[in-house]
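Student: Sending over entry01.csv (CSV, C-alpha atoms).
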chain,number,residue,atom,x,y,z
U,148,MET,CA,-132.9,89.2,-97.2
U,149,PHE,CA,-133.0,93.0,-97.3
U,150,LYS,CA,-129.6,93.3,-95.6
U,151,GLU,CA,-128.1,91.1,-98.2
U,152,GLN,CA,-129.7,93.1,-101.0
U,153,SER,CA,-128.1,96.3,-99.6
U,154,ILE,CA,-124.6,94.8,-99.5
U,155,LYS,CA,-124.5,92.5,-102.5
U,156,ASP,CA,-124.3,93.3,-106.2
U,157,PHE,CA,-127.6,92.1,-107.8
U,158,LEU,CA,-125.8,90.6,-110.8
U,159,THR,CA,-122.7,88.9,-109.5
U,160,GLY,CA,-123.5,88.3,-105.9
U,161,LEU,CA,-120.2,89.9,-104.9
U,162,ASN,CA,-120.0,92.8,-102.5
U,163,ASN,CA,-121.3,96.1,-103.9
U,164,VAL,CA,-119.6,99.4,-103.7
U,165,ARG,CA,-121.4,100.3,-100.4
U,166,GLU,CA,-120.1,97.2,-98.7
U,167,PHE,CA,-116.6,97.7,-100.3
U,168,ASP,CA,-116.4,101.1,-98.6
U,169,LEU,CA,-117.5,99.7,-95.2
U,170,VAL,CA,-115.1,96.8,-95.3
U,171,LEU,CA,-112.3,99.0,-96.5
U,172,ASN,CA,-112.8,101.4,-93.6
U,173,LYS,CA,-112.8,98.5,-91.1
U,174,LEU,CA,-109.6,97.1,-92.6
U,175,ILE,CA,-107.9,100.5,-92.6
U,176,ASN,CA,-108.6,100.8,-88.9
U,177,LYS,CA,-107.4,97.2,-88.2
U,178,VAL,CA,-104.2,97.8,-90.3
U,179,LYS,CA,-103.4,101.0,-88.4
U,180,GLU,CA,-104.0,99.3,-85.0
U,181,ASP,CA,-102.1,96.0,-85.8
U,182,LYS,CA,-99.5,97.5,-88.1
U,183,GLU,CA,-100.3,95.0,-90.9
U,184,LYS,CA,-100.1,95.2,-94.7
U,185,LEU,CA,-103.1,95.7,-96.9
U,186,SER,CA,-103.1,95.4,-100.7
U,187,ILE,CA,-105.8,96.2,-103.2
U,188,LEU,CA,-106.4,95.2,-106.8
U,189,ILE,CA,-108.7,97.3,-109.0
U,190,ILE,CA,-109.7,95.3,-112.1
U,191,ASP,CA,-111.4,96.7,-115.2
U,192,ILE,CA,-112.5,94.6,-118.2
U,193,ASP,CA,-110.8,95.7,-121.4
U,194,TYR,CA,-113.1,97.0,-124.1
U,195,PHE,CA,-116.2,95.9,-122.3
U,196,LYS,CA,-118.3,98.3,-124.2
U,197,LYS,CA,-117.4,96.4,-127.4
U,198,VAL,CA,-118.7,93.2,-125.8
U,199,ASN,CA,-122.1,94.8,-125.0
U,200,ASP,CA,-122.2,96.5,-128.4
U,201,THR,CA,-121.3,93.4,-130.4
U,202,HIS,CA,-123.1,90.7,-128.4
U,203,GLY,CA,-125.8,92.6,-126.4
U,204,HIS,CA,-126.2,93.5,-122.8
U,205,GLN,CA,-127.5,90.0,-121.8
U,206,ASN,CA,-124.3,88.5,-122.9
U,207,GLY,CA,-122.4,91.3,-121.2
U,208,ASN,CA,-124.1,90.4,-118.0
U,209,LEU,CA,-123.1,86.7,-118.5
U,210,VAL,CA,-119.5,87.9,-118.9
U,211,LEU,CA,-119.7,89.9,-115.7
U,212,GLN,CA,-121.2,87.0,-113.8
U,213,GLU,CA,-118.6,84.5,-115.0
U,214,LEU,CA,-115.8,87.0,-114.3
U,215,GLY,CA,-117.1,87.2,-110.7
U,216,ARG,CA,-116.8,83.4,-110.4
U,217,ILE,CA,-113.3,83.4,-111.8
U,218,LEU,CA,-112.3,86.1,-109.3
U,219,CYS,CA,-113.7,84.0,-106.5
U,220,ARG,CA,-111.7,80.9,-107.7
U,221,SER,CA,-108.5,82.8,-108.2
U,222,CYS,CA,-108.3,84.6,-104.9
U,223,ARG,CA,-107.0,83.5,-101.5
U,224,THR,CA,-109.3,82.6,-98.7
U,225,GLY,CA,-110.1,85.9,-96.8
U,226,ASP,CA,-109.7,88.2,-99.8
U,227,ILE,CA,-112.7,90.5,-100.2
U,228,ILE,CA,-114.1,90.8,-103.7
U,229,SER,CA,-116.5,93.5,-104.8
U,230,ARG,CA,-118.0,94.9,-107.9
U,231,ILE,CA,-117.5,98.6,-107.6
U,232,GLY,CA,-118.7,99.8,-111.0
U,233,GLY,CA,-120.1,98.6,-114.3
U,234,GLU,CA,-117.2,96.5,-115.4
U,235,GLU,CA,-114.9,97.4,-112.5
U,236,PHE,CA,-114.1,95.1,-109.6
U,237,SER,CA,-111.9,95.4,-106.5
U,238,ILE,CA,-110.1,92.9,-104.3
U,239,LEU,CA,-108.9,93.7,-100.8
U,240,LEU,CA,-106.1,91.5,-99.8
U,241,PRO,CA,-105.5,91.7,-96.0
U,242,ASN,CA,-102.0,90.8,-94.8
U,243,CYS,CA,-100.7,90.7,-98.3
U,244,SER,CA,-97.3,92.1,-99.4
U,245,TYR,CA,-96.7,94.0,-102.6
U,246,TYR,CA,-95.1,90.9,-104.3
U,247,GLN,CA,-97.9,88.6,-103.2
U,248,ALA,CA,-100.5,91.1,-104.5
U,249,LEU,CA,-98.6,91.2,-107.9
U,250,GLU,CA,-98.7,87.4,-108.0
U,251,VAL,CA,-102.5,87.3,-107.2
U,252,GLY,CA,-103.1,90.0,-109.9
U,253,GLU,CA,-101.1,88.1,-112.5
U,254,ARG,CA,-102.9,84.8,-111.7
U,255,ILE,CA,-106.3,86.6,-112.1
U,256,ARG,CA,-105.2,88.3,-115.3
U,257,ARG,CA,-104.0,85.0,-116.8
U,258,ASP,CA,-107.0,83.0,-115.6
U,259,ILE,CA,-109.4,85.5,-117.3
U,260,GLN,CA,-107.3,85.7,-120.5
U,261,ASN,CA,-107.4,81.9,-120.8
U,262,HIS,CA,-111.1,81.5,-120.0
U,263,LYS,CA,-113.7,80.9,-122.8
U,264,PHE,CA,-116.8,82.9,-121.9
U,265,ILE,CA,-119.9,81.1,-123.2
U,266,LEU,CA,-122.6,83.3,-124.6
U,267,LEU,CA,-126.3,82.7,-124.9
U,268,ASP,CA,-126.0,81.4,-128.5
U,269,ASN,CA,-123.2,79.0,-127.3
U,270,ALA,CA,-120.5,81.1,-129.0
U,271,ASN,CA,-117.5,81.8,-126.9
U,272,ILE,CA,-115.4,84.9,-126.6
U,273,ASN,CA,-112.2,85.8,-124.7
U,274,VAL,CA,-111.9,89.0,-122.6
U,275,THR,CA,-108.9,90.5,-120.9
U,276,VAL,CA,-108.5,92.7,-117.9
U,277,SER,CA,-106.3,95.5,-116.7
U,278,ILE,CA,-105.3,95.5,-113.1
U,279,GLY,CA,-103.9,98.2,-110.8
U,280,VAL,CA,-102.1,97.2,-107.5
U,281,ALA,CA,-101.3,99.2,-104.4
U,282,THR,CA,-100.0,98.0,-101.1
U,283,TYR,CA,-99.7,99.7,-97.7
U,284,PRO,CA,-97.0,100.3,-96.5
U,285,ASP,CA,-94.9,98.8,-99.3
U,286,THR,CA,-95.9,101.2,-102.1
U,287,VAL,CA,-98.3,103.6,-100.4
U,288,GLY,CA,-97.4,105.4,-97.2
U,289,ASN,CA,-100.8,106.8,-96.5
U,290,LEU,CA,-103.8,104.4,-96.2
U,291,ASP,CA,-106.2,107.1,-97.2
U,292,GLU,CA,-104.5,107.1,-100.7
U,293,LEU,CA,-104.6,103.3,-101.2
U,294,VAL,CA,-107.6,103.2,-103.5
U,295,MET,CA,-106.4,106.3,-105.4
U,296,LYS,CA,-103.0,104.8,-106.1
U,297,ALA,CA,-104.4,101.5,-107.2
U,298,ASP,CA,-106.7,103.4,-109.6
U,299,GLU,CA,-103.7,105.3,-110.9
U,300,ALA,CA,-101.9,102.0,-111.5
U,301,LEU,CA,-105.0,100.7,-113.3
U,302,TYR,CA,-105.0,103.6,-115.7
U,303,LYS,CA,-101.3,103.1,-116.3
U,304,ALA,CA,-102.1,99.5,-117.3
U,305,LYS,CA,-104.8,100.7,-119.7
U,306,GLN,CA,-102.7,103.4,-121.2
U,307,THR,CA,-99.7,101.1,-121.8
U,308,GLY,CA,-101.5,98.3,-123.7
U,309,ARG,CA,-104.1,96.7,-121.5
U,310,ASN,CA,-104.2,93.0,-120.4
U,311,LYS,CA,-101.5,93.7,-117.8
U,312,VAL,CA,-100.9,94.2,-114.1
U,313,CYS,CA,-99.4,97.6,-113.1
U,314,ALA,CA,-98.4,98.7,-109.7
U,315,CYS,CA,-98.2,102.0,-107.9
U,316,ILE,CA,-94.6,102.5,-107.0
Give the structure from the file, written as structure tokens.

Tutor:
Amino acid sequence: MFKEQSIKDFLTGLNNVREFDLVLNKLINKVKEDKEKLSILIIDIDYFKKVNDTHGHQNGNLVLQELGRILCRSCRTGDIISRIGGEEFSILLPNCSYYQALEVGERIRRDIQNHKFILLDNANINVTVSIGVATYPDTVGNLDELVMKADEALYKAKQTGRNKVCACI
């Protein structure tokens, strides 16, 4: 029970940032040894503050929980999903090429955009996400820069209109 609490996000049940870091380090070592590919998606809910300000934090929490379920349905078996910040999520995609990662990211973006999030008063809202993608060795030559490059791609998506998938190239 206590171990699960230390590795799982209390709200979504996904891995928390501590577990994300541990899994990422294990995957980096495996990728180096086995000369495999590793992709990462960093996902941020667009204008999430507006959801909380307009509909309240309880409804914001419902959106986060439902988004976590959508991510689980939209990913491949073996992908590792984490909540790494307030409205920020990551997905580690082992043995996943750059083009496959873009496909997964676009599927997630589209699934979230098309989903009706049901609020406590039974009203529904739509949300969108911005996604940054990076892949070793396809777009990033140094595994230690993988997260940083995905984060840069996420900010590119936000700065160029949101509700899109951008890659580190």

Student: Given only C-alpha atoms as the basis, pick out the residue of U:Ile227, U:Ile217, U:Leu240, U:Val170 nearest to Leu185 of chain U.

Tutor: U:Leu240

Student: Could you state the separation of atom CA of Phe195 of chain U and atom CA of Gly215 of chain U in Å, given to one decimal place?

Tutor: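 Spanning atom CA of Phe195 of chain U to atom CA of Gly215 of chain U is a straight-line distance of 14.5 Å.
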
Student: From the set U:Val210, U:Val198, U:Leu239, U:Leu290, which residue has the shortest atom-to-atom contact distance to Lys179 of chain U, counting only C-alpha atoms?

Tutor: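 Using only C-alpha atoms, Lys179 of chain U sits closest to U:Leu290.
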
Student: Near segment 298-304 of chain U, counting all atoms listed in the file, which residues have an atom at most 6 Å away, once you skip same-chain residues fewer than 6 positions from it, shown as a list in words?

Tutor: Ser277, Ile278, Gly279, Lys311, Cys313, Ala314 and Cys315 of chain U

Student: Can you tell me, as a list of chain:residue names, what residues are no more than 9 Å from Arg256 of chain U when counting only C-alpha atoms, ignoring any on the same chain fewer than 5 positions away?

Tutor: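 Within the cut-off, the hits are U:Ile190, U:Val251, U:Asn261, U:Thr275, U:Val276, U:Ser277, U:Ile278, U:Asn310, U:Lys311, U:Val312.
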
Student: If we count all atoms listed in the file and set the cut-off at 9 Å, which residues sit around Gly207 of chain U, ignoring sequence neighbours fewer than 5 positions away in its own chain? Please answer as a list in words.

Tutor: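 Everything that qualifies: Phe195, Lys196, Val198, Asn199, Asp200, His202, Gln212 and Leu266 of chain U.
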
Student: Mind writing the picked residues with C-alpha atoms as a PDB file, in the coordinates of the input?

Tutor:
ATOM      1  CA  PHE U 195    -116.200  95.900-122.300  1.00  0.00           C
ATOM      2  CA  LYS U 196    -118.300  98.300-124.200  1.00  0.00           C
ATOM      3  CA  VAL U 198    -118.700  93.200-125.800  1.00  0.00           C
ATOM      4  CA  ASN U 199    -122.100  94.800-125.000  1.00  0.00           C
ATOM      5  CA  ASP U 200    -122.200  96.500-128.400  1.00  0.00           C
ATOM      6  CA  HIS U 202    -123.100  90.700-128.400  1.00  0.00           C
ATOM      7  CA  GLN U 212    -121.200  87.000-113.800  1.00  0.00           C
ATOM      8  CA  LEU U 266    -122.600  83.300-124.600  1.00  0.00           C
TER       9      LEU U 266
END

Student: Counting only C-alpha atoms, which of U:Ser244, U:Gln306, U:Thr159, U:Gln260 gets nearest to Ala281 of chain U?

Tutor: U:Ser244

Student: Which neighbours of Phe236 of chain U fall inside 8 Å, counting only C-alpha atoms, when residues of the same chain fewer than 5 positions from it are skipped, and could you give them as a CSV table (one decimal) with C-alpha atoms, in the coordinates of the input?

Tutor:
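In the end it all went to part-v2.csv:
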chain,number,residue,atom,x,y,z
U,189,ILE,CA,-108.7,97.3,-109.0
U,190,ILE,CA,-109.7,95.3,-112.1
U,191,ASP,CA,-111.4,96.7,-115.2
U,228,ILE,CA,-114.1,90.8,-103.7
U,229,SER,CA,-116.5,93.5,-104.8
U,230,ARG,CA,-118.0,94.9,-107.9
U,231,ILE,CA,-117.5,98.6,-107.6

Student: When you look at Gly225 of chain U with a cut-off of 12 Å (counting only C-alpha atoms), what residues show up, excluding the ones that are within fewer than 5 positions of it in the same chain? I need them as a PyMOL selection string.

Tutor: chain U and resi 174+219+238-243

Student: What is the atom CA of Cys222 of chain U to atom CA of His204 of chain U distance in Å?

Tutor: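 According to the coordinates, atom CA of Cys222 of chain U and atom CA of His204 of chain U are separated by 26.8 Å.
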
Student: Quick one, how far is atom CA of Ser153 of chain U from atom CA of Thr282 of chain U?

Tutor: 28.2 Å

Student: Which residue is closest to Pro284 of chain U? Choose from U:Lys177, U:Lys184, U:Lys197, U:Arg257 and count all atoms listed in the file.

Tutor: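 Using all atoms listed in the file, the shortest distance to Pro284 of chain U belongs to U:Lys184.
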
Student: Point out the residue among U:Leu267, U:Ile187, U:Leu158, U:Leu211 with the least atom-to-atom distance to Asp285 of chain U, counting all atoms listed in the file.

Tutor: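 Of U:Leu267, U:Ile187, U:Leu158, U:Leu211, the one nearest Asp285 of chain U is U:Ile187, counting all atoms listed in the file.
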
Student: Could you tell me which of U:Leu214, U:Ala270, U:Val294, U:Ile259 comes closest to Ile175 of chain U if we count all atoms listed in the file?

Tutor: U:Val294

Student: Missing atoms in segment 220-232 of chain U need filling: write out N, CA and C atoms for it as a PDB file, in the coordinates of the input.

Tutor:
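selection_29.pdb, freshly written:
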ATOM      1  N   ARG U 220    -112.586  82.086-107.574  1.00  0.00           N
ATOM      2  CA  ARG U 220    -111.700  80.900-107.700  1.00  0.00           C
ATOM      3  C   ARG U 220    -110.233  81.274-107.604  1.00  0.00           C
ATOM      4  N   SER U 221    -109.890  82.446-108.103  1.00  0.00           N
ATOM      5  CA  SER U 221    -108.500  82.800-108.200  1.00  0.00           C
ATOM      6  C   SER U 221    -107.909  83.497-106.992  1.00  0.00           C
ATOM      7  N   CYS U 222    -108.759  83.878-106.063  1.00  0.00           N
ATOM      8  CA  CYS U 222    -108.300  84.600-104.900  1.00  0.00           C
ATOM      9  C   CYS U 222    -107.997  83.681-103.721  1.00  0.00           C
ATOM     10  N   ARG U 223    -107.330  84.253-102.736  1.00  0.00           N
ATOM     11  CA  ARG U 223    -107.000  83.500-101.500  1.00  0.00           C
ATOM     12  C   ARG U 223    -108.244  83.560-100.585  1.00  0.00           C
ATOM     13  N   THR U 224    -108.322  82.599 -99.695  1.00  0.00           N
ATOM     14  CA  THR U 224    -109.300  82.600 -98.700  1.00  0.00           C
ATOM     15  C   THR U 224    -109.138  83.894 -97.842  1.00  0.00           C
ATOM     16  N   GLY U 225    -110.186  84.627 -97.586  1.00  0.00           N
ATOM     17  CA  GLY U 225    -110.100  85.900 -96.800  1.00  0.00           C
ATOM     18  C   GLY U 225    -109.966  87.115 -97.622  1.00  0.00           C
ATOM     19  N   ASP U 226    -109.708  86.999 -98.920  1.00  0.00           N
ATOM     20  CA  ASP U 226    -109.700  88.200 -99.800  1.00  0.00           C
ATOM     21  C   ASP U 226    -111.143  88.644 -99.982  1.00  0.00           C
ATOM     22  N   ILE U 227    -111.351  89.929-100.123  1.00  0.00           N
ATOM     23  CA  ILE U 227    -112.700  90.500-100.200  1.00  0.00           C
ATOM     24  C   ILE U 227    -112.913  91.062-101.599  1.00  0.00           C
ATOM     25  N   ILE U 228    -113.830  90.450-102.325  1.00  0.00           N
ATOM     26  CA  ILE U 228    -114.100  90.800-103.700  1.00  0.00           C
ATOM     27  C   ILE U 228    -115.360  91.589-103.840  1.00  0.00           C
ATOM     28  N   SER U 229    -115.294  92.666-104.618  1.00  0.00           N
ATOM     29  CA  SER U 229    -116.500  93.500-104.800  1.00  0.00           C
ATOM     30  C   SER U 229    -116.573  93.949-106.262  1.00  0.00           C
ATOM     31  N   ARG U 230    -117.799  94.210-106.657  1.00  0.00           N
ATOM     32  CA  ARG U 230    -118.000  94.900-107.900  1.00  0.00           C
ATOM     33  C   ARG U 230    -118.311  96.337-107.581  1.00  0.00           C
ATOM     34  N   ILE U 231    -117.424  97.232-108.029  1.00  0.00           N
ATOM     35  CA  ILE U 231    -117.500  98.600-107.600  1.00  0.00           C
ATOM     36  C   ILE U 231    -117.986  99.572-108.688  1.00  0.00           C
ATOM     37  N   GLY U 232    -118.249  99.037-109.865  1.00  0.00           N
ATOM     38  CA  GLY U 232    -118.700  99.800-111.000  1.00  0.00           C
ATOM     39  C   GLY U 232    -119.235  98.917-112.057  1.00  0.00           C
TER      40      GLY U 232
END
